Amino acid sequence: AKKKQQATRKPKPAPPTLDQAKVYEEDVKDEVVILPDKKEKVEVVLSPLERREKAARLTPKQKQRLTKLLERRDKELKRKGAFEQLSKSQMAAEHYDLLRSSGRLGQKDAKKERLERALNEEKAGIPQSDPSAQLYKEKTINTSEEDFQQALEEDKSA
């Protein structure tokens with residue numbers, strides 16, 4: 001059977017005696033410790049030529065990271081350009097109301113939906129696609145003096 005090896009520990013040093021502690025305090029009082037100031041960070045701006053030279057001195061891992069960073073920036077710029085082009089050719093907000101879901105094809109709209117669609121088409125300046133949706137009703141109004149007086153009396157009594 002193998003015997004377990006026990007780790008031998010070094011004994012802890014005994015705490016200093018009072019005489020040793022007084023000597024230590026006297027030694028420390030005479031010495032003055034001056035700590036250096038913290039260095040200020042200075043940002044160095046490199047010219048394009050210096051950047052190329054520094055890039056040539058990079059390790060392979062650093063070069064790989066740099067190329068990935070440059071690729072990421074290129075992708076962001078391309079994405080920005082694509083979004084700008086899309087925003088230029090984007091449909092106006094009032095025309096979104098005219099769009100219909102393809103799932104609704106072949107279904108008959110309710111009267112309220114037909115009226116909403118006709119109103120949206122009118123706002124967009126497009127002729128009505130559904131002539132059965134009447135936004136306005138024709139009404140004849142008599143402008144005789146008697147009717148006018150009668151309407152005034154009704155208003156006063158109400």
# chains A, B, ... in the order shown; residues from 1 in each chain; ligands from 1
>>> residues_around(residues="region 92-98 of chain A", least_positions_apart="3", cutoff="10 Å", atoms="only C-alpha atoms", output="PyMOL selection string")
chain A and resi 89+116-121+123-124+126
>>> closest_residue(among="A:Leu49, A:Ala82, A:Leu115, A:Ala110", to="Pro131 (chain A)", atoms="only C-alpha atoms")
A:Leu115
>>> select_by_dssp(residues="region 79-132 of chain A", states="helix (DSSP H, G or I)", output="MDAnalysis selection string")
chainID A and resid 79:88 93:96 102:104 111:124
